[in-house]
Amino acid sequence: MPRFIISFDDGDMTFPMEELQAVADASHATVREAQAAGVWIFGGGLGSPDEATLVRADGTATDGARNKAYLGGFSIVDVPSRQAALAWAEKFAVSCRCAQEVREILPDREA
């Protein structure tokens, strides 16, 4: 089955901080639902872009992310179709209260 990454941009979760626990509870419920359905592979939130390190092809490293948009979190699901991935993205969008991007993870025969 194809695998998809469902992700959201850091900063898109714009609800009031006092609602954070409710959002966390809702998103964890969606994860448990995906686990029960057998489609959950892996996921989580990401640390601050301020704490990122960029490692270049020449081996040099610099502190701080280089992009203007940062990935805030993601879920990887193994589903039968893009339509199924979109359905899960909708559930995550509702529970996380922010838009979700869906992209297929292309298989690598060498991995």
# chains A, B, ... in the order shown; residues from 1 in each chain; ligands from 1
call {"tool": "closest_atom_pairs", "arguments": {"of": "range 29-103 of chain A", "to": "range 8-20 of chain A", "cutoff": "12 Å", "atoms": "only C-alpha atoms", "output": "tab-separated table"}}
result
residue	atom	partner	partner_atom	distance
A:Gly43	CA	A:Phe8	CA	11.7
A:Gly44	CA	A:Phe8	CA	10.9
A:Gly45	CA	A:Asp10	CA	9.2
A:Leu46	CA	A:Asp10	CA	8.5
A:Gly47	CA	A:Asp10	CA	9.5
A:Ser48	CA	A:Asp10	CA	8.4
A:Pro49	CA	A:Asp10	CA	8.6
A:Asp50	CA	A:Asp10	CA	11.6
A:Asn67	CA	A:Asp9	CA	11.5
A:Lys68	CA	A:Asp10	CA	10.2
A:Ala69	CA	A:Asp9	CA	6.6
A:Tyr70	CA	A:Asp10	CA	5.3
A:Leu71	CA	A:Asp9	CA	4.6
A:Gly72	CA	A:Asp10	CA	3.8
A:Gly73	CA	A:Phe8	CA	5.8
A:Phe74	CA	A:Phe8	CA	6.6
A:Ser75	CA	A:Phe8	CA	9.4
A:Ala89	CA	A:Phe8	CA	10.0
A:Glu90	CA	A:Phe8	CA	11.9
A:Phe92	CA	A:Phe8	CA	9.6
A:Ala93	CA	A:Phe8	CA	8.7
A:Val94	CA	A:Met13	CA	11.3
A:Ser95	CA	A:Met13	CA	10.8
A:Cys96	CA	A:Met13	CA	7.2
A:Arg97	CA	A:Met13	CA	6.5
A:Cys98	CA	A:Met13	CA	5.6
A:Ala99	CA	A:Phe8	CA	6.4
A:Gln100	CA	A:Phe8	CA	4.9
A:Glu101	CA	A:Phe8	CA	6.1
A:Val102	CA	A:Phe8	CA	9.1
A:Arg103	CA	A:Phe8	CA	11.4
call {"tool": "residues_around", "arguments": {"residues": "range 76-86 of chain A", "least_positions_apart": "3", "cutoff": "6 Å", "atoms": "only C-alpha atoms", "output": "short mmCIF file (atom, residue, chain, number, x, y, z; two decimals) with N, CA and C atoms, in the first residue's frame"}}
result
data_model
loop_
_atom_site.label_atom_id
_atom_site.label_comp_id
_atom_site.auth_asym_id
_atom_site.auth_seq_id
_atom_site.Cartn_x
_atom_site.Cartn_y
_atom_site.Cartn_z
N MET A 1 0.84 -1.19 0.00
CA MET A 1 0.00 0.00 0.00
C MET A 1 0.88 1.24 0.00
N PRO A 2 0.39 2.30 -0.59
CA PRO A 2 1.18 3.54 -0.57
C PRO A 2 1.19 4.17 0.82
N ARG A 3 2.28 4.85 1.09
CA ARG A 3 2.41 5.59 2.34
C ARG A 3 2.37 7.08 2.03
N PHE A 4 1.78 7.81 2.94
CA PHE A 4 1.64 9.26 2.79
C PHE A 4 2.10 9.95 4.06
N ILE A 5 2.67 11.15 3.88
CA ILE A 5 2.98 12.00 5.01
C ILE A 5 1.89 13.08 5.06
N VAL A 39 -3.44 1.73 10.10
CA VAL A 39 -2.81 2.57 9.07
C VAL A 39 -1.67 3.42 9.62
N TRP A 40 -1.55 3.54 10.93
CA TRP A 40 -0.55 4.40 11.54
C TRP A 40 0.84 3.78 11.41
N ILE A 41 1.80 4.56 10.93
CA ILE A 41 3.20 4.13 10.88
C ILE A 41 4.01 4.87 11.94
N PHE A 42 3.97 6.20 11.88
CA PHE A 42 4.79 7.01 12.79
C PHE A 42 4.35 8.46 12.68
N GLY A 43 4.64 9.24 13.70
CA GLY A 43 4.36 10.67 13.62
C GLY A 43 4.78 11.38 14.89
N ALA A 89 -6.27 12.91 6.61
CA ALA A 89 -5.83 14.30 6.75
C ALA A 89 -6.97 15.17 7.26
#
call {"tool": "atom_distance", "arguments": {"atom1": "CA of Glu51 in chain A", "atom2": "CA of Asp108 in chain A"}}
result
29.7 Å
call {"tool": "select_by_dssp", "arguments": {"residues": "chain A", "states": "helix (DSSP H, G or I)", "output": "count of residues only"}}
result
39
call {"tool": "decode", "arguments": {"residues": "range 33-72 of chain A", "atoms": "C-alpha atoms", "output": "mmCIF file, in the first residue's frame"}}
result
data_model
loop_
_atom_site.group_PDB
_atom_site.id
_atom_site.type_symbol
_atom_site.label_atom_id
_atom_site.label_comp_id
_atom_site.auth_asym_id
_atom_site.auth_seq_id
_atom_site.Cartn_x
_atom_site.Cartn_y
_atom_site.Cartn_z
ATOM 1 C CA GLU A 33 -8.060 5.693 15.762
ATOM 2 C CA ALA A 34 -5.393 5.391 13.028
ATOM 3 C CA GLN A 35 -3.544 2.792 15.113
ATOM 4 C CA ALA A 36 -6.742 0.783 15.618
ATOM 5 C CA ALA A 37 -7.418 0.949 11.875
ATOM 6 C CA GLY A 38 -3.917 -0.406 11.196
ATOM 7 C CA VAL A 39 -2.808 2.569 9.073
ATOM 8 C CA TRP A 40 -0.548 4.400 11.545
ATOM 9 C CA ILE A 41 3.196 4.131 10.883
ATOM 10 C CA PHE A 42 4.787 7.008 12.788
ATOM 11 C CA GLY A 43 4.363 10.668 13.622
ATOM 12 C CA GLY A 44 4.974 13.489 16.030
ATOM 13 C CA GLY A 45 5.556 17.152 16.539
ATOM 14 C CA LEU A 46 8.885 18.777 15.799
ATOM 15 C CA GLY A 47 11.030 21.000 17.957
ATOM 16 C CA SER A 48 11.490 24.700 17.349
ATOM 17 C CA PRO A 49 13.154 25.754 14.081
ATOM 18 C CA ASP A 50 15.379 27.951 16.269
ATOM 19 C CA GLU A 51 16.947 24.747 17.586
ATOM 20 C CA ALA A 52 17.520 23.202 14.148
ATOM 21 C CA THR A 53 20.965 22.571 12.714
ATOM 22 C CA LEU A 54 21.564 22.712 8.980
ATOM 23 C CA VAL A 55 24.249 20.284 7.756
ATOM 24 C CA ARG A 56 25.468 21.080 4.243
ATOM 25 C CA ALA A 57 26.794 18.697 1.608
ATOM 26 C CA ASP A 58 30.351 19.785 2.430
ATOM 27 C CA GLY A 59 29.855 18.759 6.065
ATOM 28 C CA THR A 60 29.659 22.234 7.562
ATOM 29 C CA ALA A 61 26.888 22.847 10.048
ATOM 30 C CA THR A 62 25.118 26.016 11.112
ATOM 31 C CA ASP A 63 22.530 26.614 13.784
ATOM 32 C CA GLY A 64 19.003 27.562 12.787
ATOM 33 C CA ALA A 65 16.698 26.368 10.052
ATOM 34 C CA ARG A 66 17.068 27.904 6.605
ATOM 35 C CA ASN A 67 13.455 27.954 5.411
ATOM 36 C CA LYS A 68 10.734 30.518 5.970
ATOM 37 C CA ALA A 69 8.099 27.805 6.436
ATOM 38 C CA TYR A 70 8.807 25.078 8.962
ATOM 39 C CA LEU A 71 7.258 21.683 9.440
ATOM 40 C CA GLY A 72 5.455 21.673 12.771
#
